[in-house]
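Participant: My structure file final18.cif, mmCIF, N, CA and C atoms, is below:
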```
data_input
loop_
_atom_site.group_PDB
_atom_site.id
_atom_site.type_symbol
_atom_site.label_atom_id
_atom_site.label_comp_id
_atom_site.auth_asym_id
_atom_site.auth_seq_id
_atom_site.Cartn_x
_atom_site.Cartn_y
_atom_site.Cartn_z
ATOM 1 N N MET A 1 38.230 -23.161 21.420
ATOM 2 C CA MET A 1 36.853 -23.582 21.459
ATOM 3 C C MET A 1 36.344 -23.498 22.896
ATOM 4 N N ARG A 2 35.136 -23.142 23.041
ATOM 5 C CA ARG A 2 34.512 -22.963 24.334
ATOM 6 C C ARG A 2 34.117 -24.312 24.934
ATOM 7 N N ALA A 3 34.237 -24.435 26.209
ATOM 8 C CA ALA A 3 33.850 -25.677 26.880
ATOM 9 C C ALA A 3 32.333 -25.782 26.909
ATOM 10 N N VAL A 4 31.827 -26.953 26.629
ATOM 11 C CA VAL A 4 30.395 -27.197 26.582
ATOM 12 C C VAL A 4 30.019 -28.080 27.759
ATOM 13 N N ILE A 5 28.999 -27.667 28.493
ATOM 14 C CA ILE A 5 28.528 -28.475 29.615
ATOM 15 C C ILE A 5 27.461 -29.406 29.073
ATOM 16 N N CYS A 6 27.667 -30.683 29.325
ATOM 17 C CA CYS A 6 26.759 -31.682 28.777
ATOM 18 C C CYS A 6 26.389 -32.670 29.879
ATOM 19 N N ALA A 7 25.253 -33.332 29.703
ATOM 20 C CA ALA A 7 24.821 -34.316 30.701
ATOM 21 C C ALA A 7 25.784 -35.493 30.747
ATOM 22 N N ASN A 8 26.301 -35.886 29.610
ATOM 23 C CA ASN A 8 27.276 -36.975 29.548
ATOM 24 C C ASN A 8 28.635 -36.372 29.254
ATOM 25 N N PRO A 9 29.505 -36.234 30.264
ATOM 26 C CA PRO A 9 30.786 -35.573 30.060
ATOM 27 C C PRO A 9 31.668 -36.265 29.029
ATOM 28 N N GLY A 10 31.476 -37.520 28.778
ATOM 29 C CA GLY A 10 32.301 -38.219 27.800
ATOM 30 C C GLY A 10 31.879 -37.944 26.370
ATOM 31 N N HIS A 11 30.741 -37.325 26.162
ATOM 32 C CA HIS A 11 30.194 -37.104 24.816
ATOM 33 C C HIS A 11 30.087 -35.613 24.507
ATOM 34 N N ILE A 12 31.190 -34.905 24.632
ATOM 35 C CA ILE A 12 31.204 -33.459 24.401
ATOM 36 C C ILE A 12 30.893 -33.145 22.942
ATOM 37 N N ARG A 13 31.377 -33.925 22.027
ATOM 38 C CA ARG A 13 31.109 -33.677 20.597
ATOM 39 C C ARG A 13 29.628 -33.776 20.282
ATOM 40 N N ASP A 14 28.937 -34.716 20.875
ATOM 41 C CA ASP A 14 27.503 -34.870 20.628
ATOM 42 C C ASP A 14 26.744 -33.628 21.084
ATOM 43 N N CYS A 15 27.107 -33.101 22.246
ATOM 44 C CA CYS A 15 26.431 -31.907 22.753
ATOM 45 C C CYS A 15 26.710 -30.709 21.862
ATOM 46 N N ALA A 16 27.945 -30.572 21.394
ATOM 47 C CA ALA A 16 28.289 -29.443 20.536
ATOM 48 C C ALA A 16 27.528 -29.521 19.221
ATOM 49 N N SER A 17 27.411 -30.709 18.663
ATOM 50 C CA SER A 17 26.691 -30.829 17.398
ATOM 51 C C SER A 17 25.197 -30.565 17.602
ATOM 52 N N LYS A 18 24.650 -30.958 18.762
ATOM 53 C CA LYS A 18 23.239 -30.687 19.039
ATOM 54 C C LYS A 18 22.998 -29.189 19.158
ATOM 55 N N GLU A 19 23.933 -28.501 19.823
ATOM 56 C CA GLU A 19 23.801 -27.054 19.945
ATOM 57 C C GLU A 19 23.886 -26.376 18.587
ATOM 58 N N LEU A 20 24.792 -26.846 17.740
ATOM 59 C CA LEU A 20 24.904 -26.277 16.398
ATOM 60 C C LEU A 20 23.638 -26.491 15.597
ATOM 61 N N LYS A 21 23.040 -27.667 15.727
ATOM 62 C CA LYS A 21 21.785 -27.940 15.025
ATOM 63 C C LYS A 21 20.692 -26.975 15.491
ATOM 64 N N LYS A 22 20.632 -26.769 16.810
ATOM 65 C CA LYS A 22 19.625 -25.864 17.353
ATOM 66 C C LYS A 22 19.862 -24.442 16.847
ATOM 67 N N MET A 23 21.112 -24.028 16.810
ATOM 68 C CA MET A 23 21.424 -22.676 16.342
ATOM 69 C C MET A 23 21.086 -22.512 14.868
ATOM 70 N N LYS A 24 21.376 -23.537 14.081
ATOM 71 C CA LYS A 24 21.056 -23.472 12.656
ATOM 72 C C LYS A 24 19.549 -23.433 12.443
ATOM 73 N N GLN A 25 18.819 -24.222 13.242
ATOM 74 C CA GLN A 25 17.360 -24.212 13.117
ATOM 75 C C GLN A 25 16.786 -22.853 13.518
ATOM 76 N N LEU A 26 17.331 -22.284 14.573
ATOM 77 C CA LEU A 26 16.879 -20.967 15.012
ATOM 78 C C LEU A 26 17.164 -19.918 13.942
ATOM 79 N N LYS A 27 18.346 -19.989 13.354
ATOM 80 C CA LYS A 27 18.721 -19.061 12.289
ATOM 81 C C LYS A 27 17.773 -19.204 11.094
ATOM 82 N N LEU A 28 17.461 -20.428 10.746
ATOM 83 C CA LEU A 28 16.549 -20.684 9.629
ATOM 84 C C LEU A 28 15.156 -20.139 9.932
ATOM 85 N N MET A 29 14.694 -20.331 11.165
ATOM 86 C CA MET A 29 13.371 -19.830 11.540
ATOM 87 C C MET A 29 13.321 -18.308 11.494
ATOM 88 N N VAL A 30 14.371 -17.649 11.937
ATOM 89 C CA VAL A 30 14.414 -16.187 11.898
ATOM 90 C C VAL A 30 14.391 -15.699 10.457
ATOM 91 N N ILE A 31 15.157 -16.330 9.592
ATOM 92 C CA ILE A 31 15.190 -15.944 8.177
ATOM 93 C C ILE A 31 13.826 -16.155 7.529
ATOM 94 N N LEU A 32 13.209 -17.296 7.798
ATOM 95 C CA LEU A 32 11.884 -17.561 7.222
ATOM 96 C C LEU A 32 10.836 -16.581 7.753
ATOM 97 N N GLY A 33 10.931 -16.230 9.017
ATOM 98 C CA GLY A 33 10.004 -15.250 9.588
ATOM 99 C C GLY A 33 10.147 -13.887 8.937
ATOM 100 N N CYS A 34 11.377 -13.463 8.706
ATOM 101 C CA CYS A 34 11.615 -12.166 8.054
ATOM 102 C C CYS A 34 11.104 -12.182 6.616
ATOM 103 N N LEU A 35 11.381 -13.254 5.904
ATOM 104 C CA LEU A 35 10.920 -13.341 4.514
ATOM 105 C C LEU A 35 9.397 -13.360 4.426
ATOM 106 N N SER A 36 8.764 -14.105 5.315
ATOM 107 C CA SER A 36 7.298 -14.160 5.258
ATOM 108 C C SER A 36 6.677 -12.810 5.603
ATOM 109 N N SER A 37 7.279 -12.079 6.523
ATOM 110 C CA SER A 37 6.729 -10.754 6.844
ATOM 111 C C SER A 37 6.925 -9.787 5.689
ATOM 112 N N LEU A 38 8.047 -9.876 4.996
ATOM 113 C CA LEU A 38 8.261 -9.013 3.834
ATOM 114 C C LEU A 38 7.296 -9.338 2.704
ATOM 115 N N LEU A 39 7.127 -10.620 2.429
ATOM 116 C CA LEU A 39 6.217 -11.016 1.350
ATOM 117 C C LEU A 39 4.769 -10.721 1.719
ATOM 118 N N GLY A 40 4.407 -10.957 2.963
ATOM 119 C CA GLY A 40 3.039 -10.678 3.409
ATOM 120 C C GLY A 40 2.724 -9.200 3.371
ATOM 121 N N GLY A 41 3.685 -8.371 3.757
ATOM 122 C CA GLY A 41 3.485 -6.922 3.738
ATOM 123 C C GLY A 41 3.311 -6.388 2.336
ATOM 124 N N SER A 42 4.092 -6.907 1.396
ATOM 125 C CA SER A 42 3.967 -6.434 0.019
ATOM 126 C C SER A 42 2.668 -6.924 -0.609
ATOM 127 N N ALA A 43 2.205 -8.097 -0.222
ATOM 128 C CA ALA A 43 0.936 -8.605 -0.756
ATOM 129 C C ALA A 43 -0.236 -7.775 -0.243
ATOM 130 N N LEU A 44 -0.183 -7.379 1.021
ATOM 131 C CA LEU A 44 -1.265 -6.561 1.575
ATOM 132 C C LEU A 44 -1.253 -5.160 0.985
ATOM 133 N N ALA A 45 -0.083 -4.639 0.692
ATOM 134 C CA ALA A 45 0.015 -3.295 0.129
ATOM 135 C C ALA A 45 -0.527 -3.267 -1.299
ATOM 136 N N ALA A 46 -0.437 -4.366 -2.005
ATOM 137 C CA ALA A 46 -0.896 -4.415 -3.388
ATOM 138 C C ALA A 46 -2.414 -4.512 -3.488
ATOM 139 N N ASP A 47 -3.099 -4.832 -2.407
ATOM 140 C CA ASP A 47 -4.545 -5.024 -2.434
ATOM 141 C C ASP A 47 -5.329 -3.770 -2.097
ATOM 142 N N LYS A 48 -4.839 -2.603 -2.479
ATOM 143 C CA LYS A 48 -5.568 -1.366 -2.211
ATOM 144 C C LYS A 48 -6.811 -1.311 -3.089
ATOM 145 N N PRO A 49 -7.931 -0.974 -2.518
ATOM 146 C CA PRO A 49 -9.133 -0.851 -3.338
ATOM 147 C C PRO A 49 -9.038 0.381 -4.238
ATOM 148 N N ALA A 50 -9.664 0.288 -5.372
ATOM 149 C CA ALA A 50 -9.642 1.398 -6.321
ATOM 150 C C ALA A 50 -10.453 2.564 -5.765
ATOM 151 N N LYS A 51 -9.976 3.770 -6.015
ATOM 152 C CA LYS A 51 -10.655 4.963 -5.544
ATOM 153 C C LYS A 51 -11.949 5.147 -6.327
ATOM 154 N N LYS A 52 -13.030 5.391 -5.606
ATOM 155 C CA LYS A 52 -14.319 5.594 -6.258
ATOM 156 C C LYS A 52 -14.356 7.003 -6.844
ATOM 157 N N LEU A 53 -14.742 7.104 -8.093
ATOM 158 C CA LEU A 53 -14.808 8.394 -8.774
ATOM 159 C C LEU A 53 -16.042 9.166 -8.322
ATOM 160 N N THR A 54 -15.902 10.473 -8.235
ATOM 161 C CA THR A 54 -17.048 11.318 -7.905
ATOM 162 C C THR A 54 -17.904 11.479 -9.159
ATOM 163 N N CYS A 55 -19.068 12.079 -8.991
ATOM 164 C CA CYS A 55 -19.972 12.244 -10.137
ATOM 165 C C CYS A 55 -19.340 13.122 -11.213
ATOM 166 N N CYS A 56 -18.613 14.146 -10.808
ATOM 167 C CA CYS A 56 -17.965 15.036 -11.784
ATOM 168 C C CYS A 56 -16.817 14.328 -12.496
ATOM 169 N N GLU A 57 -16.082 13.478 -11.771
ATOM 170 C CA GLU A 57 -14.985 12.738 -12.396
ATOM 171 C C GLU A 57 -15.518 11.716 -13.388
ATOM 172 N N GLN A 58 -16.639 11.077 -13.053
ATOM 173 C CA GLN A 58 -17.245 10.124 -13.980
ATOM 174 C C GLN A 58 -17.722 10.824 -15.246
ATOM 175 N N ALA A 59 -18.323 11.988 -15.082
ATOM 176 C CA ALA A 59 -18.801 12.738 -16.245
ATOM 177 C C ALA A 59 -17.623 13.196 -17.097
ATOM 178 N N ALA A 60 -16.536 13.617 -16.471
ATOM 179 C CA ALA A 60 -15.356 14.055 -17.218
ATOM 180 C C ALA A 60 -14.723 12.884 -17.960
ATOM 181 N N ALA A 61 -14.774 11.699 -17.364
ATOM 182 C CA ALA A 61 -14.229 10.518 -18.034
ATOM 183 C C ALA A 61 -15.048 10.189 -19.280
ATOM 184 N N ASP A 62 -16.343 10.507 -19.245
ATOM 185 C CA ASP A 62 -17.211 10.281 -20.408
ATOM 186 C C ASP A 62 -17.253 11.486 -21.333
ATOM 187 N N SER A 63 -16.412 12.489 -21.087
ATOM 188 C CA SER A 63 -16.356 13.735 -21.864
ATOM 189 C C SER A 63 -17.691 14.476 -21.827
ATOM 190 N N LYS A 64 -18.302 14.519 -20.651
ATOM 191 C CA LYS A 64 -19.577 15.207 -20.464
ATOM 192 C C LYS A 64 -19.463 16.124 -19.261
ATOM 193 N N GLU A 65 -20.501 16.915 -19.041
ATOM 194 C CA GLU A 65 -20.605 17.751 -17.845
ATOM 195 C C GLU A 65 -21.479 17.030 -16.828
ATOM 196 N N CYS A 66 -21.215 17.261 -15.567
ATOM 197 C CA CYS A 66 -22.005 16.656 -14.500
ATOM 198 C C CYS A 66 -23.419 17.248 -14.522
ATOM 199 N N LYS A 67 -24.422 16.405 -14.319
ATOM 200 C CA LYS A 67 -25.813 16.849 -14.420
ATOM 201 C C LYS A 67 -26.486 17.050 -13.064
ATOM 202 N N HIS A 68 -25.741 16.911 -11.967
ATOM 203 C CA HIS A 68 -26.345 17.163 -10.649
ATOM 204 C C HIS A 68 -26.597 18.655 -10.483
ATOM 205 N N LYS A 69 -27.742 18.992 -9.918
ATOM 206 C CA LYS A 69 -28.115 20.399 -9.740
ATOM 207 C C LYS A 69 -27.109 21.138 -8.868
ATOM 208 N N CYS A 70 -26.647 20.477 -7.814
ATOM 209 C CA CYS A 70 -25.710 21.142 -6.899
ATOM 210 C C CYS A 70 -24.369 21.406 -7.601
ATOM 211 N N CYS A 71 -23.948 20.492 -8.448
ATOM 212 C CA CYS A 71 -22.681 20.669 -9.168
ATOM 213 C C CYS A 71 -22.809 21.756 -10.235
ATOM 214 N N ILE A 72 -23.937 21.788 -10.928
ATOM 215 C CA ILE A 72 -24.153 22.796 -11.976
ATOM 216 C C ILE A 72 -24.132 24.197 -11.362
ATOM 217 N N ALA A 73 -24.815 24.371 -10.226
ATOM 218 C CA ALA A 73 -24.853 25.678 -9.562
ATOM 219 C C ALA A 73 -23.461 26.087 -9.082
ATOM 220 N N ALA A 74 -22.715 25.147 -8.540
ATOM 221 C CA ALA A 74 -21.369 25.467 -8.044
ATOM 222 C C ALA A 74 -20.428 25.785 -9.197
ATOM 223 N N HIS A 75 -20.550 25.061 -10.305
ATOM 224 C CA HIS A 75 -19.667 25.285 -11.456
ATOM 225 C C HIS A 75 -19.950 26.628 -12.126
ATOM 226 N N LYS A 76 -21.216 27.081 -12.084
ATOM 227 C CA LYS A 76 -21.536 28.386 -12.653
ATOM 228 C C LYS A 76 -20.814 29.498 -11.894
ATOM 229 N N ASP A 77 -20.684 29.310 -10.584
ATOM 230 C CA ASP A 77 -19.995 30.299 -9.753
ATOM 231 C C ASP A 77 -18.480 30.108 -9.785
ATOM 232 N N GLY A 78 -18.004 29.055 -10.454
ATOM 233 C CA GLY A 78 -16.569 28.776 -10.509
ATOM 234 C C GLY A 78 -16.055 28.057 -9.272
ATOM 235 N N ASN A 79 -16.970 27.454 -8.534
ATOM 236 C CA ASN A 79 -16.600 26.747 -7.306
ATOM 237 C C ASN A 79 -16.743 25.245 -7.489
ATOM 238 N N SER A 80 -16.432 24.544 -6.430
ATOM 239 C CA SER A 80 -16.592 23.104 -6.400
ATOM 240 C C SER A 80 -17.762 22.753 -5.509
ATOM 241 N N CYS A 81 -18.520 21.755 -5.891
ATOM 242 C CA CYS A 81 -19.638 21.300 -5.072
ATOM 243 C C CYS A 81 -19.074 20.580 -3.852
ATOM 244 N N GLU A 82 -19.350 21.134 -2.673
ATOM 245 C CA GLU A 82 -18.802 20.560 -1.426
ATOM 246 C C GLU A 82 -19.446 19.222 -1.092
ATOM 247 N N LYS A 83 -20.674 19.024 -1.522
ATOM 248 C CA LYS A 83 -21.378 17.787 -1.209
ATOM 249 C C LYS A 83 -20.799 16.608 -2.005
ATOM 250 N N CYS A 84 -20.615 16.796 -3.296
ATOM 251 C CA CYS A 84 -20.155 15.709 -4.157
ATOM 252 C C CYS A 84 -18.630 15.608 -4.229
ATOM 253 N N ASN A 85 -17.935 16.723 -4.071
ATOM 254 C CA ASN A 85 -16.476 16.758 -4.197
ATOM 255 C C ASN A 85 -15.859 17.439 -2.975
ATOM 256 N N PRO A 86 -15.794 16.750 -1.831
ATOM 257 C CA PRO A 86 -15.266 17.392 -0.625
ATOM 258 C C PRO A 86 -13.797 17.792 -0.749
ATOM 259 N N ASN A 87 -13.044 17.116 -1.601
ATOM 260 C CA ASN A 87 -11.622 17.453 -1.793
ATOM 261 C C ASN A 87 -11.385 18.282 -3.051
ATOM 262 N N LYS A 88 -12.451 18.798 -3.622
ATOM 263 C CA LYS A 88 -12.411 19.649 -4.817
ATOM 264 C C LYS A 88 -11.748 18.958 -6.007
ATOM 265 N N GLU A 89 -12.149 17.708 -6.223
ATOM 266 C CA GLU A 89 -11.592 16.938 -7.332
ATOM 267 C C GLU A 89 -11.999 17.506 -8.683
ATOM 268 N N ASP A 90 -13.205 18.072 -8.770
ATOM 269 C CA ASP A 90 -13.671 18.588 -10.053
ATOM 270 C C ASP A 90 -12.858 19.795 -10.505
ATOM 271 N N LEU A 91 -12.411 20.626 -9.584
ATOM 272 C CA LEU A 91 -11.577 21.776 -9.960
ATOM 273 C C LEU A 91 -10.212 21.315 -10.447
ATOM 274 N N LYS A 92 -9.711 20.226 -9.867
ATOM 275 C CA LYS A 92 -8.424 19.676 -10.315
ATOM 276 C C LYS A 92 -8.543 19.177 -11.752
ATOM 277 N N LEU A 93 -9.691 18.572 -12.076
ATOM 278 C CA LEU A 93 -9.911 18.098 -13.447
ATOM 279 C C LEU A 93 -9.981 19.267 -14.425
ATOM 280 N N LYS A 94 -10.635 20.346 -14.022
ATOM 281 C CA LYS A 94 -10.744 21.509 -14.905
ATOM 282 C C LYS A 94 -9.378 22.137 -15.153
ATOM 283 N N LYS A 95 -8.531 22.160 -14.124
ATOM 284 C CA LYS A 95 -7.178 22.702 -14.299
ATOM 285 C C LYS A 95 -6.371 21.845 -15.273
ATOM 286 N N LYS A 96 -6.521 20.527 -15.173
ATOM 287 C CA LYS A 96 -5.805 19.625 -16.083
ATOM 288 C C LYS A 96 -6.268 19.856 -17.521
ATOM 289 N N LYS A 97 -7.571 20.004 -17.707
ATOM 290 C CA LYS A 97 -8.107 20.233 -19.055
ATOM 291 C C LYS A 97 -7.610 21.568 -19.604
ATOM 292 N N ALA A 98 -7.593 22.596 -18.773
ATOM 293 C CA ALA A 98 -7.124 23.905 -19.219
ATOM 294 C C ALA A 98 -5.641 23.852 -19.578
ATOM 295 N N ASP A 99 -4.849 23.121 -18.821
ATOM 296 C CA ASP A 99 -3.423 22.971 -19.119
ATOM 297 C C ASP A 99 -3.219 22.227 -20.442
ATOM 298 N N GLN A 100 -4.024 21.197 -20.685
ATOM 299 C CA GLN A 100 -3.900 20.445 -21.941
ATOM 300 C C GLN A 100 -4.286 21.305 -23.140
ATOM 301 N N LYS A 101 -5.337 22.146 -22.996
ATOM 302 C CA LYS A 101 -5.742 23.024 -24.097
ATOM 303 C C LYS A 101 -4.686 24.078 -24.365
ATOM 304 N N ALA A 102 -4.039 24.566 -23.314
ATOM 305 C CA ALA A 102 -2.997 25.581 -23.477
ATOM 306 C C ALA A 102 -1.771 25.010 -24.191
ATOM 307 N N LYS A 103 -1.475 23.751 -23.943
ATOM 308 C CA LYS A 103 -0.333 23.093 -24.608
ATOM 309 C C LYS A 103 -0.585 22.874 -26.094
ATOM 310 N N ASN A 104 -1.839 22.607 -26.442
ATOM 311 C CA ASN A 104 -2.186 22.351 -27.852
ATOM 312 C C ASN A 104 -2.274 23.648 -28.549
#
```
Can you dump the structure from the file as structure tokens?

Facilitator:
Amino acid sequence: MRAVICANPGHIRDCASKELKKMKQLKLMVILGCLSSLLGGSALAADKPAKKLTCCEQAAADSKECKHKCCIAAHKDGNSCEKCNPNKEDLKLKKKKADQKAKN
């Protein structure tokens, strides 16, 4: 056992037990800190806002065609409307529909 320096040399056991208490408390605080960060991180990750549907995606969800003039003109040319669908979501929907029809 390691020698413990204490203010009262006659009470070495008291100092050792105090140090053990401090170490146990520190260990408990570290464990609680890790658990709270894990739980807090998972709670924040679960609060993602829902993705807003574009006009073409909303129309497809209702089994209709989009009625915006810019989308109608782009769809006639086989393109995606850059204004309403910057990531070309409407073309992805058309590919999914074509794949489903081919399977049936």

Participant: One decimal, in Å: what's the spacing between atom CA of A:Asp62 and atom C of A:Glu89?

Facilitator: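 It comes out at 14.7 Å.
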
Participant: Report as JSON the centre and the edge lengths, in Å to one decimal, of the axis-aligned box holding every listed atom of stretch 17-35 of chain A, padded by 4 Å on each side.

Facilitator:
```
{"center_x": 18.4, "center_y": -21.6, "center_z": 12.2, "size_x": 26.0, "size_y": 26.8, "size_z": 23.5}
```

Participant: Can you measure atom C of A:Lys51 to atom C of A:Ser63 for me? One decimal in Å is fine.

Facilitator: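 That distance, rounded to one decimal, is 19.0 Å.
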
Participant: Using atom CA of A:Asn85 and atom CA of A:Cys56 as the two end points, give the distance in Å to one decimal.

Facilitator: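 Interatomic distance here is 7.9 Å.
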
Participant: Need the shell around A:Cys70: protein/DNA/RNA residues with any atom at most 6 Å away, counting all atoms listed in the file. Skip same-chain ones fewer than 4 positions apart. Format as a list in words?

Facilitator: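 Everything that qualifies: Ala74, His75 and Cys81 of chain A.
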
Participant: Per DSSP on the backbone, filter stretch 7-86 of chain A down to the residues in helix (DSSP H, G or I) and report them as a VMD selection string.

Facilitator: chain A and resid 12 to 46 55 to 61 69 to 76

Participant: Would you export the selected residues with N, CA and C atoms as a short mmCIF file (atom, residue, chain, number, x, y, z; two decimals), keeping the file's coordinate frame, please?

Facilitator:
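In the end it all went to selection31.cif:
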```cif
data_model
loop_
_atom_site.label_atom_id
_atom_site.label_comp_id
_atom_site.auth_asym_id
_atom_site.auth_seq_id
_atom_site.Cartn_x
_atom_site.Cartn_y
_atom_site.Cartn_z
N ILE A 12 31.19 -34.90 24.63
CA ILE A 12 31.20 -33.46 24.40
C ILE A 12 30.89 -33.15 22.94
N ARG A 13 31.38 -33.92 22.03
CA ARG A 13 31.11 -33.68 20.60
C ARG A 13 29.63 -33.78 20.28
N ASP A 14 28.94 -34.72 20.88
CA ASP A 14 27.50 -34.87 20.63
C ASP A 14 26.74 -33.63 21.08
N CYS A 15 27.11 -33.10 22.25
CA CYS A 15 26.43 -31.91 22.75
C CYS A 15 26.71 -30.71 21.86
N ALA A 16 27.94 -30.57 21.39
CA ALA A 16 28.29 -29.44 20.54
C ALA A 16 27.53 -29.52 19.22
N SER A 17 27.41 -30.71 18.66
CA SER A 17 26.69 -30.83 17.40
C SER A 17 25.20 -30.56 17.60
N LYS A 18 24.65 -30.96 18.76
CA LYS A 18 23.24 -30.69 19.04
C LYS A 18 23.00 -29.19 19.16
N GLU A 19 23.93 -28.50 19.82
CA GLU A 19 23.80 -27.05 19.94
C GLU A 19 23.89 -26.38 18.59
N LEU A 20 24.79 -26.85 17.74
CA LEU A 20 24.90 -26.28 16.40
C LEU A 20 23.64 -26.49 15.60
N LYS A 21 23.04 -27.67 15.73
CA LYS A 21 21.78 -27.94 15.02
C LYS A 21 20.69 -26.98 15.49
N LYS A 22 20.63 -26.77 16.81
CA LYS A 22 19.62 -25.86 17.35
C LYS A 22 19.86 -24.44 16.85
N MET A 23 21.11 -24.03 16.81
CA MET A 23 21.42 -22.68 16.34
C MET A 23 21.09 -22.51 14.87
N LYS A 24 21.38 -23.54 14.08
CA LYS A 24 21.06 -23.47 12.66
C LYS A 24 19.55 -23.43 12.44
N GLN A 25 18.82 -24.22 13.24
CA GLN A 25 17.36 -24.21 13.12
C GLN A 25 16.79 -22.85 13.52
N LEU A 26 17.33 -22.28 14.57
CA LEU A 26 16.88 -20.97 15.01
C LEU A 26 17.16 -19.92 13.94
N LYS A 27 18.35 -19.99 13.35
CA LYS A 27 18.72 -19.06 12.29
C LYS A 27 17.77 -19.20 11.09
N LEU A 28 17.46 -20.43 10.75
CA LEU A 28 16.55 -20.68 9.63
C LEU A 28 15.16 -20.14 9.93
N MET A 29 14.69 -20.33 11.16
CA MET A 29 13.37 -19.83 11.54
C MET A 29 13.32 -18.31 11.49
N VAL A 30 14.37 -17.65 11.94
CA VAL A 30 14.41 -16.19 11.90
C VAL A 30 14.39 -15.70 10.46
N ILE A 31 15.16 -16.33 9.59
CA ILE A 31 15.19 -15.94 8.18
C ILE A 31 13.83 -16.16 7.53
N LEU A 32 13.21 -17.30 7.80
CA LEU A 32 11.88 -17.56 7.22
C LEU A 32 10.84 -16.58 7.75
N GLY A 33 10.93 -16.23 9.02
CA GLY A 33 10.00 -15.25 9.59
C GLY A 33 10.15 -13.89 8.94
N CYS A 34 11.38 -13.46 8.71
CA CYS A 34 11.62 -12.17 8.05
C CYS A 34 11.10 -12.18 6.62
N LEU A 35 11.38 -13.25 5.90
CA LEU A 35 10.92 -13.34 4.51
C LEU A 35 9.40 -13.36 4.43
N SER A 36 8.76 -14.10 5.32
CA SER A 36 7.30 -14.16 5.26
C SER A 36 6.68 -12.81 5.60
N SER A 37 7.28 -12.08 6.52
CA SER A 37 6.73 -10.75 6.84
C SER A 37 6.92 -9.79 5.69
N LEU A 38 8.05 -9.88 5.00
CA LEU A 38 8.26 -9.01 3.83
C LEU A 38 7.30 -9.34 2.70
N LEU A 39 7.13 -10.62 2.43
CA LEU A 39 6.22 -11.02 1.35
C LEU A 39 4.77 -10.72 1.72
N GLY A 40 4.41 -10.96 2.96
CA GLY A 40 3.04 -10.68 3.41
C GLY A 40 2.72 -9.20 3.37
N GLY A 41 3.68 -8.37 3.76
CA GLY A 41 3.48 -6.92 3.74
C GLY A 41 3.31 -6.39 2.34
N SER A 42 4.09 -6.91 1.40
CA SER A 42 3.97 -6.43 0.02
C SER A 42 2.67 -6.92 -0.61
N ALA A 43 2.20 -8.10 -0.22
CA ALA A 43 0.94 -8.60 -0.76
C ALA A 43 -0.24 -7.78 -0.24
N LEU A 44 -0.18 -7.38 1.02
CA LEU A 44 -1.26 -6.56 1.58
C LEU A 44 -1.25 -5.16 0.98
N ALA A 45 -0.08 -4.64 0.69
CA ALA A 45 0.02 -3.30 0.13
C ALA A 45 -0.53 -3.27 -1.30
N ALA A 46 -0.44 -4.37 -2.00
CA ALA A 46 -0.90 -4.42 -3.39
C ALA A 46 -2.41 -4.51 -3.49
N CYS A 55 -19.07 12.08 -8.99
CA CYS A 55 -19.97 12.24 -10.14
C CYS A 55 -19.34 13.12 -11.21
N CYS A 56 -18.61 14.15 -10.81
CA CYS A 56 -17.96 15.04 -11.78
C CYS A 56 -16.82 14.33 -12.50
N GLU A 57 -16.08 13.48 -11.77
CA GLU A 57 -14.98 12.74 -12.40
C GLU A 57 -15.52 11.72 -13.39
N GLN A 58 -16.64 11.08 -13.05
CA GLN A 58 -17.24 10.12 -13.98
C GLN A 58 -17.72 10.82 -15.25
N ALA A 59 -18.32 11.99 -15.08
CA ALA A 59 -18.80 12.74 -16.24
C ALA A 59 -17.62 13.20 -17.10
N ALA A 60 -16.54 13.62 -16.47
CA ALA A 60 -15.36 14.06 -17.22
C ALA A 60 -14.72 12.88 -17.96
N ALA A 61 -14.77 11.70 -17.36
CA ALA A 61 -14.23 10.52 -18.03
C ALA A 61 -15.05 10.19 -19.28
N LYS A 69 -27.74 18.99 -9.92
CA LYS A 69 -28.12 20.40 -9.74
C LYS A 69 -27.11 21.14 -8.87
N CYS A 70 -26.65 20.48 -7.81
CA CYS A 70 -25.71 21.14 -6.90
C CYS A 70 -24.37 21.41 -7.60
N CYS A 71 -23.95 20.49 -8.45
CA CYS A 71 -22.68 20.67 -9.17
C CYS A 71 -22.81 21.76 -10.24
N ILE A 72 -23.94 21.79 -10.93
CA ILE A 72 -24.15 22.80 -11.98
C ILE A 72 -24.13 24.20 -11.36
N ALA A 73 -24.82 24.37 -10.23
CA ALA A 73 -24.85 25.68 -9.56
C ALA A 73 -23.46 26.09 -9.08
N ALA A 74 -22.72 25.15 -8.54
CA ALA A 74 -21.37 25.47 -8.04
C ALA A 74 -20.43 25.78 -9.20
N HIS A 75 -20.55 25.06 -10.30
CA HIS A 75 -19.67 25.28 -11.46
C HIS A 75 -19.95 26.63 -12.13
N LYS A 76 -21.22 27.08 -12.08
CA LYS A 76 -21.54 28.39 -12.65
C LYS A 76 -20.81 29.50 -11.89
#
```

Participant: Rank nothing, just name the residue among A:Leu39, A:Leu20, A:Val30, A:Cys84 nearest to A:Gln58, using only C-alpha atoms.

Facilitator: A:Cys84

Participant: Here is a test: counting all atoms listed in the file, which residue of A:Cys34, A:Cys71, A:Leu28, A:Ala59 is nearest to A:Lys83?

Facilitator: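 Distance minimum relative to A:Lys83 lands on A:Cys71.
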